[in-house]
file protein.cif (mmCIF, C-alpha atoms)
data_my_file
loop_
_atom_site.group_PDB
_atom_site.id
_atom_site.type_symbol
_atom_site.label_atom_id
_atom_site.label_comp_id
_atom_site.auth_asym_id
_atom_site.auth_seq_id
_atom_site.Cartn_x
_atom_site.Cartn_y
_atom_site.Cartn_z
ATOM 1 C CA MET A 13 0.000 0.000 0.000
ATOM 2 C CA THR A 14 1.185 3.497 -0.733
ATOM 3 C CA LEU A 15 -0.325 6.658 0.705
ATOM 4 C CA ILE A 16 0.449 10.135 -0.560
ATOM 5 C CA VAL A 17 0.006 12.431 2.423
ATOM 6 C CA PHE A 18 -0.486 15.825 0.759
ATOM 7 C CA SER A 19 -2.552 17.525 3.460
ATOM 8 C CA ASP A 20 -1.621 18.624 6.958
ATOM 9 C CA ASP A 21 -5.226 18.595 8.189
ATOM 10 C CA LEU A 22 -5.489 16.628 11.417
ATOM 11 C CA ASP A 23 -8.548 14.672 10.280
ATOM 12 C CA ARG A 24 -6.931 13.620 7.009
ATOM 13 C CA ALA A 25 -3.679 12.674 8.758
ATOM 14 C CA LEU A 26 -5.642 10.510 11.212
ATOM 15 C CA ALA A 27 -7.347 8.726 8.317
ATOM 16 C CA ALA A 28 -3.985 8.169 6.602
ATOM 17 C CA PHE A 29 -2.398 6.690 9.731
ATOM 18 C CA ASN A 30 -5.452 4.566 10.485
ATOM 19 C CA LEU A 31 -5.043 2.927 7.059
ATOM 20 C CA ALA A 32 -1.266 2.672 7.375
ATOM 21 C CA ASN A 33 -1.519 0.904 10.735
ATOM 22 C CA THR A 34 -4.282 -1.420 9.601
ATOM 23 C CA GLY A 35 -2.401 -2.270 6.401
ATOM 24 C CA ALA A 36 0.769 -3.053 8.339
ATOM 25 C CA SER A 37 -1.276 -5.260 10.687
ATOM 26 C CA MET A 38 -2.603 -7.094 7.640
ATOM 27 C CA GLY A 39 0.940 -7.883 6.553
ATOM 28 C CA MET A 40 1.042 -5.288 3.790
ATOM 29 C CA LYS A 41 4.171 -3.339 2.935
ATOM 30 C CA VAL A 42 3.194 0.279 3.613
ATOM 31 C CA ASN A 43 4.955 3.352 2.242
ATOM 32 C CA MET A 44 3.791 6.848 3.145
ATOM 33 C CA PHE A 45 4.958 9.595 0.802
ATOM 34 C CA PHE A 46 4.787 12.988 2.509
ATOM 35 C CA THR A 47 4.594 15.909 0.131
ATOM 36 C CA PHE A 48 3.646 19.598 0.148
ATOM 37 C CA TRP A 49 1.624 20.468 3.276
ATOM 38 C CA GLY A 50 1.792 16.816 4.297
ATOM 39 C CA LEU A 51 5.416 17.379 5.307
ATOM 40 C CA GLY A 52 3.997 19.224 8.318
ATOM 41 C CA VAL A 53 2.706 15.917 9.704
ATOM 42 C CA ILE A 54 6.245 14.590 10.200
ATOM 43 C CA LYS A 55 7.911 17.895 11.068
ATOM 44 C CA LYS A 56 9.566 18.270 14.462
ATOM 45 C CA GLU A 57 7.928 20.634 16.926
ATOM 46 C CA SER A 58 10.630 23.230 16.570
ATOM 47 C CA VAL A 59 12.343 23.826 13.282
ATOM 48 C CA ALA A 60 15.601 25.755 13.122
ATOM 49 C CA ARG A 61 15.978 28.847 10.953
ATOM 50 C CA GLY A 62 18.865 27.110 9.150
ATOM 51 C CA ASP A 63 19.359 28.294 5.577
ATOM 52 C CA LYS A 64 15.733 29.266 5.056
ATOM 53 C CA SER A 65 14.999 32.453 3.173
ATOM 54 C CA PHE A 66 12.928 35.127 4.911
ATOM 55 C CA MET A 67 9.773 33.981 3.043
ATOM 56 C CA GLN A 68 10.375 30.308 3.888
ATOM 57 C CA TRP A 69 10.961 31.213 7.523
ATOM 58 C CA MET A 70 7.766 33.269 7.677
ATOM 59 C CA MET A 71 5.795 30.480 5.986
ATOM 60 C CA GLY A 72 7.178 28.056 8.565
ATOM 61 C CA LEU A 73 6.023 30.345 11.365
ATOM 62 C CA MET A 74 2.523 30.630 9.923
ATOM 63 C CA LYS A 75 2.243 26.909 9.106
ATOM 64 C CA ARG A 76 4.040 25.514 12.104
ATOM 65 C CA GLY A 77 3.010 21.908 11.501
ATOM 66 C CA SER A 78 4.174 18.979 13.650
ATOM 67 C CA ALA A 79 1.675 16.277 14.529
ATOM 68 C CA LYS A 80 0.769 17.979 17.806
ATOM 69 C CA ARG A 81 -0.205 21.300 16.224
ATOM 70 C CA LEU A 82 -2.323 20.163 13.274
ATOM 71 C CA THR A 83 -5.917 21.358 13.069
ATOM 72 C CA MET A 84 -9.059 19.947 11.521
ATOM 73 C CA SER A 85 -10.098 20.761 7.960
ATOM 74 C CA ARG A 86 -13.553 21.774 9.192
ATOM 75 C CA MET A 87 -14.991 23.214 12.383
ATOM 76 C CA ASN A 88 -11.579 24.258 13.663
ATOM 77 C CA MET A 89 -13.063 27.493 15.025
ATOM 78 C CA LEU A 90 -9.679 29.016 15.927
ATOM 79 C CA GLY A 91 -8.628 25.770 17.556
ATOM 80 C CA VAL A 92 -11.682 25.275 19.770
ATOM 81 C CA GLY A 93 -13.219 22.645 17.497
ATOM 82 C CA THR A 94 -9.920 20.776 17.196
ATOM 83 C CA GLY A 95 -9.587 20.816 20.998
ATOM 84 C CA VAL A 96 -13.094 19.412 21.424
ATOM 85 C CA MET A 97 -12.391 16.693 18.867
ATOM 86 C CA LYS A 98 -9.127 15.742 20.603
ATOM 87 C CA SER A 99 -10.822 15.511 24.005
ATOM 88 C CA MET A 100 -13.617 13.384 22.526
ATOM 89 C CA MET A 101 -11.054 11.063 20.965
ATOM 90 C CA LYS A 102 -9.403 10.724 24.365
ATOM 91 C CA LYS A 103 -12.756 9.966 25.986
ATOM 92 C CA TYR A 104 -13.335 7.143 23.500
ATOM 93 C CA ARG A 105 -9.750 5.899 24.004
ATOM 94 C CA MET A 106 -8.840 6.600 20.396
ATOM 95 C CA PRO A 107 -5.102 7.080 19.942
ATOM 96 C CA ALA A 108 -3.853 10.604 19.250
ATOM 97 C CA LEU A 109 -2.055 11.287 15.967
ATOM 98 C CA GLN A 110 1.371 11.189 17.668
ATOM 99 C CA GLU A 111 0.590 7.709 19.038
ATOM 100 C CA MET A 112 -0.622 6.563 15.604
ATOM 101 C CA ILE A 113 2.677 7.769 14.111
ATOM 102 C CA GLU A 114 4.710 5.886 16.735
ATOM 103 C CA LEU A 115 2.617 2.771 16.188
ATOM 104 C CA ALA A 116 3.192 3.003 12.443
ATOM 105 C CA ARG A 117 6.952 3.176 12.999
ATOM 106 C CA GLU A 118 6.820 0.160 15.340
ATOM 107 C CA GLN A 119 4.934 -1.750 12.659
ATOM 108 C CA GLY A 120 7.533 -1.010 10.000
ATOM 109 C CA VAL A 121 5.628 1.597 7.960
ATOM 110 C CA ARG A 122 8.155 3.450 5.779
ATOM 111 C CA PHE A 123 8.209 7.249 5.584
ATOM 112 C CA VAL A 124 9.348 8.929 2.376
ATOM 113 C CA ALA A 125 9.727 12.721 2.272
ATOM 114 C CA CYS A 126 9.408 14.662 -0.981
ATOM 115 C CA THR A 127 12.638 16.561 -1.602
ATOM 116 C CA THR A 128 11.047 19.072 -3.995
ATOM 117 C CA SER A 129 8.550 20.189 -1.361
ATOM 118 C CA MET A 130 11.369 20.297 1.185
ATOM 119 C CA ALA A 131 13.341 22.659 -1.048
ATOM 120 C CA LEU A 132 10.301 24.849 -1.671
ATOM 121 C CA MET A 133 9.599 25.200 2.031
ATOM 122 C CA GLY A 134 13.238 25.414 3.046
ATOM 123 C CA LEU A 135 13.050 22.252 5.158
ATOM 124 C CA ALA A 136 16.115 20.106 5.818
ATOM 125 C CA GLU A 137 16.520 16.512 6.950
ATOM 126 C CA GLN A 138 17.048 17.545 10.564
ATOM 127 C CA ASP A 139 13.620 19.266 10.593
ATOM 128 C CA PHE A 140 11.792 15.905 10.549
ATOM 129 C CA ILE A 141 11.120 13.024 12.860
ATOM 130 C CA GLU A 142 12.371 9.708 11.463
ATOM 131 C CA VAL A 143 12.314 9.485 7.659
ATOM 132 C CA ASP A 144 13.493 6.406 5.723
ATOM 133 C CA GLU A 145 14.021 7.976 2.338
ATOM 134 C CA TYR A 146 14.229 11.432 0.789
ATOM 135 C CA ALA A 147 13.011 11.113 -2.781
ATOM 136 C CA GLY A 148 10.790 12.270 -5.643
ATOM 137 C CA ALA A 149 7.888 11.231 -7.848
ATOM 138 C CA ALA A 150 9.760 8.410 -9.625
ATOM 139 C CA THR A 151 10.376 6.696 -6.292
ATOM 140 C CA TYR A 152 6.715 7.061 -5.392
ATOM 141 C CA LEU A 153 5.546 5.687 -8.750
ATOM 142 C CA GLY A 154 8.008 2.814 -8.513
ATOM 143 C CA LEU A 155 6.463 1.848 -5.177
ATOM 144 C CA ALA A 156 2.910 2.512 -6.359
ATOM 145 C CA THR A 157 3.109 0.312 -9.449
ATOM 146 C CA GLU A 158 4.069 -2.624 -7.217
ATOM 147 C CA SER A 159 1.194 -1.982 -4.834
ATOM 148 C CA GLY A 160 -2.493 -2.816 -5.019
ATOM 149 C CA VAL A 161 -3.697 0.110 -2.894
ATOM 150 C CA ASN A 162 -2.569 3.646 -3.705
ATOM 151 C CA LEU A 163 -4.278 6.641 -2.129
ATOM 152 C CA PHE A 164 -3.866 10.412 -2.236
ATOM 153 C CA ILE A 165 -4.886 12.025 1.040
ATOM 154 C CA MET B 5 -15.115 -21.601 22.331
ATOM 155 C CA ASP B 6 -11.786 -22.519 23.937
ATOM 156 C CA ALA B 7 -8.886 -20.211 23.259
ATOM 157 C CA ASP B 8 -5.168 -20.283 24.036
ATOM 158 C CA LYS B 9 -5.074 -16.553 24.607
ATOM 159 C CA THR B 10 -7.603 -13.754 25.094
ATOM 160 C CA ILE B 11 -7.128 -10.058 24.429
ATOM 161 C CA ASP B 12 -9.458 -7.376 25.731
ATOM 162 C CA CYS B 13 -10.362 -4.746 23.139
ATOM 163 C CA VAL B 14 -13.528 -3.509 24.852
ATOM 164 C CA GLY B 15 -13.794 0.245 24.428
ATOM 165 C CA LEU B 16 -11.323 0.313 21.539
ATOM 166 C CA TYR B 17 -12.121 1.399 18.003
ATOM 167 C CA CYS B 18 -10.671 0.827 14.554
ATOM 168 C CA PRO B 19 -7.772 0.281 13.944
ATOM 169 C CA MET B 20 -6.789 -0.796 17.460
ATOM 170 C CA PRO B 21 -8.529 -4.215 17.728
ATOM 171 C CA ILE B 22 -6.932 -5.314 14.427
ATOM 172 C CA VAL B 23 -3.511 -3.918 15.377
ATOM 173 C CA LYS B 24 -3.688 -5.703 18.747
ATOM 174 C CA THR B 25 -4.858 -8.913 17.084
ATOM 175 C CA ALA B 26 -1.883 -8.849 14.705
ATOM 176 C CA GLN B 27 0.493 -8.262 17.632
ATOM 177 C CA ALA B 28 -1.056 -11.080 19.692
ATOM 178 C CA VAL B 29 -1.139 -13.610 16.842
ATOM 179 C CA LYS B 30 2.547 -12.939 16.181
ATOM 180 C CA LYS B 31 3.311 -14.335 19.655
ATOM 181 C CA LEU B 32 1.203 -17.497 19.236
ATOM 182 C CA THR B 33 2.459 -20.761 17.748
ATOM 183 C CA GLN B 34 0.744 -22.265 14.715
ATOM 184 C CA GLY B 35 -2.597 -23.898 15.471
ATOM 185 C CA GLU B 36 -3.276 -21.859 18.611
ATOM 186 C CA VAL B 37 -6.520 -19.923 18.932
ATOM 187 C CA LEU B 38 -6.867 -16.249 19.867
ATOM 188 C CA GLU B 39 -10.032 -14.841 21.400
ATOM 189 C CA VAL B 40 -10.645 -11.119 20.897
ATOM 190 C CA VAL B 41 -13.264 -9.507 23.124
ATOM 191 C CA ALA B 42 -14.560 -6.229 21.728
ATOM 192 C CA ASP B 43 -17.622 -4.011 21.602
ATOM 193 C CA ASP B 44 -17.106 -2.117 18.337
ATOM 194 C CA LYS B 45 -19.245 -4.078 15.906
ATOM 195 C CA GLY B 46 -16.952 -3.265 12.974
ATOM 196 C CA ILE B 47 -14.822 -6.162 14.171
ATOM 197 C CA LYS B 48 -17.398 -8.639 12.869
ATOM 198 C CA SER B 49 -16.478 -7.657 9.302
ATOM 199 C CA ASP B 50 -12.900 -6.603 9.935
ATOM 200 C CA MET B 51 -11.666 -9.811 11.563
ATOM 201 C CA PRO B 52 -12.632 -12.145 8.678
ATOM 202 C CA ALA B 53 -11.079 -9.627 6.261
ATOM 203 C CA TRP B 54 -7.892 -9.533 8.324
ATOM 204 C CA ALA B 55 -7.725 -13.336 8.541
ATOM 205 C CA GLU B 56 -8.282 -13.757 4.808
ATOM 206 C CA LYS B 57 -5.542 -11.278 3.940
ATOM 207 C CA THR B 58 -3.004 -12.638 6.443
ATOM 208 C CA GLY B 59 -3.692 -16.326 5.778
ATOM 209 C CA ASN B 60 -5.029 -17.084 9.251
ATOM 210 C CA GLU B 61 -8.285 -18.917 9.931
ATOM 211 C CA PHE B 62 -11.378 -17.034 11.081
ATOM 212 C CA LEU B 63 -13.345 -19.354 13.384
ATOM 213 C CA GLY B 64 -16.442 -17.305 14.145
ATOM 214 C CA VAL B 65 -18.229 -14.757 16.297
ATOM 215 C CA GLU B 66 -20.066 -15.125 19.591
ATOM 216 C CA GLU B 67 -22.245 -12.292 20.818
ATOM 217 C CA ASP B 68 -23.498 -11.726 24.326
ATOM 218 C CA GLY B 69 -25.361 -8.465 24.772
ATOM 219 C CA GLY B 70 -23.005 -5.720 23.628
ATOM 220 C CA GLU B 71 -19.959 -7.939 23.997
ATOM 221 C CA ILE B 72 -18.544 -9.477 20.838
ATOM 222 C CA LYS B 73 -16.079 -12.347 20.912
ATOM 223 C CA VAL B 74 -14.250 -13.290 17.734
ATOM 224 C CA TYR B 75 -11.917 -16.230 17.253
ATOM 225 C CA VAL B 76 -8.982 -16.755 14.936
ATOM 226 C CA ARG B 77 -6.577 -19.658 14.560
ATOM 227 C CA LYS B 78 -2.970 -18.933 13.698
ATOM 228 C CA LYS B 79 -2.195 -20.556 10.377
ATOM 229 C CA ALA B 80 0.494 -18.417 8.808
ATOM 230 C CA ASP B 81 3.878 -17.336 10.173
#

call {"tool": "encode", "arguments": {"input": "protein.cif", "output": "structure tokens"}}
result
Amino acid sequence: MTLIVFSDDLDRALAAFNLANTGASMGMKVNMFFTFWGLGVIKKESVARGDKSFMQWMMGLMKRGSAKRLTMSRMNMLGVGTGVMKSMMKKYRMPALQEMIELAREQGVRFVACTTSMALMGLAEQDFIEVDEYAGAATYLGLATESGVNLFI
Amino acid sequence: MDADKTIDCVGLYCPMPIVKTAQAVKKLTQGEVLEVVADDKGIKSDMPAWAEKTGNEFLGVEEDGGEIKVYVRKKAD
């Protein structure tokens, strides 16, 4: 299974990791390709200024990313809606996104980060949590053509 | 039904019962039976699908009120 994680919406990321974890539990080889805003899902909580241009740095400050800070695609209501959703998930003992990410790693799900998006956003390897491969579209398509389930999220 | 091991997934939702099943079956030896106790009814469809895909044997469902017990026999390594 391959999943393109394009979005950094919390709800979409949860759906992506739900499928990744289930697929791994079903014995499937799972590759997650993080691109564009999706890079925010695997970004560390604090990202260094590094060699980023002023615009890249400002974009990073506005779109701070990291699994902990993501918000819902709907009903965010300046964070209130996301907070309510997170507390409801806790009440129903549903794992938080960070736990789903850890679980995916434990189950051998591979993370691939898109180098073009990294360049555009001024992100470097040290700005991410664990990543297995830094690559481009050909790598994704190589994996996708060998896989029966390919989704863009 | 008799089982060699039971895991409690009551109160857990997708994907956790399947993830925990996969982890538990890994530790069993071939031929042993796992009992999964859950209350999310999705498991009634998900467990046969999981067994089919992983090459294990789905043995059936027992329901008692809101409690659902599903059984799988380890077939594959």

call {"tool": "residues_near_point", "arguments": {"input": "protein.cif", "point": "(-6.2, -24.6, 15.7)", "cutoff": "7 Å", "atoms": "all atoms listed in the file", "output": "JSON, numbers by chain"}}
result
{"B": [35, 36, 37, 77, 78]}

call {"tool": "resolve_selection", "arguments": {"input": "protein.cif", "expression": "the PyMOL selection byres ((chain A and resi 122) around 9)", "output": "number ranges by chain"}}
result
A: 41-45, 116-117, 120-121, 123-124, 143-145

call {"tool": "residues_around", "arguments": {"input": "protein.cif", "residues": "stretch 50-64 of chain B", "least_positions_apart": "6", "cutoff": "7 Å", "atoms": "all atoms listed in the file", "output": "short mmCIF file (atom, residue, chain, number, x, y, z; two decimals) with C-alpha atoms, in the frame of the given file"}}
result
data_model
loop_
_atom_site.label_atom_id
_atom_site.label_comp_id
_atom_site.auth_asym_id
_atom_site.auth_seq_id
_atom_site.Cartn_x
_atom_site.Cartn_y
_atom_site.Cartn_z
CA MET A 38 -2.60 -7.09 7.64
CA GLY A 39 0.94 -7.88 6.55
CA VAL B 74 -14.25 -13.29 17.73
CA TYR B 75 -11.92 -16.23 17.25
CA VAL B 76 -8.98 -16.76 14.94
CA ARG B 77 -6.58 -19.66 14.56
CA LYS B 78 -2.97 -18.93 13.70
CA LYS B 79 -2.19 -20.56 10.38
CA ALA B 80 0.49 -18.42 8.81
#

call {"tool": "atom_distance", "arguments": {"input": "protein.cif", "atom1": "atom CA of A:Val53", "atom2": "atom CA of B:Cys13"}}
result
27.9 Å

call {"tool": "interface_residues", "arguments": {"input": "protein.cif", "of": "chain B", "to": "chain A", "cutoff": "7 Å", "atoms": "all atoms listed in the file", "output": "mmCIF file with C-alpha atoms, in the frame of the given file"}}
result
data_model
loop_
_atom_site.group_PDB
_atom_site.id
_atom_site.type_symbol
_atom_site.label_atom_id
_atom_site.label_comp_id
_atom_site.auth_asym_id
_atom_site.auth_seq_id
_atom_site.Cartn_x
_atom_site.Cartn_y
_atom_site.Cartn_z
ATOM 1 C CA GLY B 15 -13.794 0.245 24.428
ATOM 2 C CA LEU B 16 -11.323 0.313 21.539
ATOM 3 C CA TYR B 17 -12.121 1.399 18.003
ATOM 4 C CA PRO B 19 -7.772 0.281 13.944
ATOM 5 C CA ILE B 22 -6.932 -5.314 14.427
ATOM 6 C CA VAL B 23 -3.511 -3.918 15.377
ATOM 7 C CA ALA B 26 -1.883 -8.849 14.705
ATOM 8 C CA TRP B 54 -7.892 -9.533 8.324
ATOM 9 C CA LYS B 57 -5.542 -11.278 3.940
ATOM 10 C CA THR B 58 -3.004 -12.638 6.443
#

call {"tool": "resolve_selection", "arguments": {"input": "protein.cif", "expression": "the PyMOL selection byres ((chain A and resi 21) around 6)", "output": "MDAnalysis selection string"}}
result
chainID A and resid 19:20 22:24 83:85

call {"tool": "resolve_selection", "arguments": {"input": "protein.cif", "expression": "the PyMOL selection byres ((chain A and resi 48) around 8)", "output": "list of chain:residue names"}}
result
A:Phe18, A:Ser19, A:Phe46, A:Thr47, A:Trp49, A:Gly50, A:Leu51, A:Cys126, A:Ser129, A:Met130

call {"tool": "atom_distance", "arguments": {"input": "protein.cif", "atom1": "atom CA of B:Cys18", "atom2": "atom CA of A:Ala27"}}
result
10.6 Å

call {"tool": "residues_around", "arguments": {"input": "protein.cif", "residues": "A:Ala79", "least_positions_apart": "5", "cutoff": "9 Å", "atoms": "all atoms listed in the file", "output": "list in words"}}
result
Asp20, Leu22, Ala25, Gly52, Val53, Ile54, Lys55, Lys56, Glu57, Leu109, Gln110 and Ile113 of chain A

call {"tool": "closest_residue", "arguments": {"input": "protein.cif", "among": "A:Val96, A:Met101, A:Ile16, A:Met71", "to": "A:Ala149", "atoms": "only C-alpha atoms"}}
result
A:Ile16

call {"tool": "decode", "arguments": {"input": "protein.cif", "residues": "stretch 22-132 of chain A", "atoms": "C-alpha atoms", "output": "compact mmCIF listing (two decimals), in the first residue's frame"}}
result
# COMPACT_ATOMS: atom_id res chain seq x y z
CA LEU A 22 -5.49 16.63 11.42
CA ASP A 23 -8.55 14.67 10.28
CA ARG A 24 -6.93 13.62 7.01
CA ALA A 25 -3.68 12.67 8.76
CA LEU A 26 -5.64 10.51 11.21
CA ALA A 27 -7.35 8.73 8.32
CA ALA A 28 -3.99 8.17 6.60
CA PHE A 29 -2.40 6.69 9.73
CA ASN A 30 -5.45 4.57 10.49
CA LEU A 31 -5.04 2.93 7.06
CA ALA A 32 -1.27 2.67 7.38
CA ASN A 33 -1.52 0.90 10.73
CA THR A 34 -4.28 -1.42 9.60
CA GLY A 35 -2.40 -2.27 6.40
CA ALA A 36 0.77 -3.05 8.34
CA SER A 37 -1.28 -5.26 10.69
CA MET A 38 -2.60 -7.09 7.64
CA GLY A 39 0.94 -7.88 6.55
CA MET A 40 1.04 -5.29 3.79
CA LYS A 41 4.17 -3.34 2.94
CA VAL A 42 3.19 0.28 3.61
CA ASN A 43 4.96 3.35 2.24
CA MET A 44 3.79 6.85 3.15
CA PHE A 45 4.96 9.59 0.80
CA PHE A 46 4.79 12.99 2.51
CA THR A 47 4.59 15.91 0.13
CA PHE A 48 3.65 19.60 0.15
CA TRP A 49 1.62 20.47 3.28
CA GLY A 50 1.79 16.82 4.30
CA LEU A 51 5.42 17.38 5.31
CA GLY A 52 4.00 19.22 8.32
CA VAL A 53 2.71 15.92 9.70
CA ILE A 54 6.24 14.59 10.20
CA LYS A 55 7.91 17.89 11.07
CA LYS A 56 9.57 18.27 14.46
CA GLU A 57 7.93 20.63 16.93
CA SER A 58 10.63 23.23 16.57
CA VAL A 59 12.34 23.83 13.28
CA ALA A 60 15.60 25.75 13.12
CA ARG A 61 15.98 28.85 10.95
CA GLY A 62 18.87 27.11 9.15
CA ASP A 63 19.36 28.29 5.58
CA LYS A 64 15.73 29.27 5.06
CA SER A 65 15.00 32.45 3.17
CA PHE A 66 12.93 35.13 4.91
CA MET A 67 9.77 33.98 3.04
CA GLN A 68 10.38 30.31 3.89
CA TRP A 69 10.96 31.21 7.52
CA MET A 70 7.77 33.27 7.68
CA MET A 71 5.80 30.48 5.99
CA GLY A 72 7.18 28.06 8.56
CA LEU A 73 6.02 30.34 11.37
CA MET A 74 2.52 30.63 9.92
CA LYS A 75 2.24 26.91 9.11
CA ARG A 76 4.04 25.51 12.10
CA GLY A 77 3.01 21.91 11.50
CA SER A 78 4.17 18.98 13.65
CA ALA A 79 1.67 16.28 14.53
CA LYS A 80 0.77 17.98 17.81
CA ARG A 81 -0.21 21.30 16.22
CA LEU A 82 -2.32 20.16 13.27
CA THR A 83 -5.92 21.36 13.07
CA MET A 84 -9.06 19.95 11.52
CA SER A 85 -10.10 20.76 7.96
CA ARG A 86 -13.55 21.77 9.19
CA MET A 87 -14.99 23.21 12.38
CA ASN A 88 -11.58 24.26 13.66
CA MET A 89 -13.06 27.49 15.02
CA LEU A 90 -9.68 29.02 15.93
CA GLY A 91 -8.63 25.77 17.56
CA VAL A 92 -11.68 25.28 19.77
CA GLY A 93 -13.22 22.64 17.50
CA THR A 94 -9.92 20.78 17.20
CA GLY A 95 -9.59 20.82 21.00
CA VAL A 96 -13.09 19.41 21.42
CA MET A 97 -12.39 16.69 18.87
CA LYS A 98 -9.13 15.74 20.60
CA SER A 99 -10.82 15.51 24.00
CA MET A 100 -13.62 13.38 22.53
CA MET A 101 -11.05 11.06 20.96
CA LYS A 102 -9.40 10.72 24.36
CA LYS A 103 -12.76 9.97 25.99
CA TYR A 104 -13.33 7.14 23.50
CA ARG A 105 -9.75 5.90 24.00
CA MET A 106 -8.84 6.60 20.40
CA PRO A 107 -5.10 7.08 19.94
CA ALA A 108 -3.85 10.60 19.25
CA LEU A 109 -2.06 11.29 15.97
CA GLN A 110 1.37 11.19 17.67
CA GLU A 111 0.59 7.71 19.04
CA MET A 112 -0.62 6.56 15.60
CA ILE A 113 2.68 7.77 14.11
CA GLU A 114 4.71 5.89 16.73
CA LEU A 115 2.62 2.77 16.19
CA ALA A 116 3.19 3.00 12.44
CA ARG A 117 6.95 3.18 13.00
CA GLU A 118 6.82 0.16 15.34
CA GLN A 119 4.93 -1.75 12.66
CA GLY A 120 7.53 -1.01 10.00
CA VAL A 121 5.63 1.60 7.96
CA ARG A 122 8.15 3.45 5.78
CA PHE A 123 8.21 7.25 5.58
CA VAL A 124 9.35 8.93 2.38
CA ALA A 125 9.73 12.72 2.27
CA CYS A 126 9.41 14.66 -0.98
CA THR A 127 12.64 16.56 -1.60
CA THR A 128 11.05 19.07 -3.99
CA SER A 129 8.55 20.19 -1.36
CA MET A 130 11.37 20.30 1.19
CA ALA A 131 13.34 22.66 -1.05
CA LEU A 132 10.30 24.85 -1.67
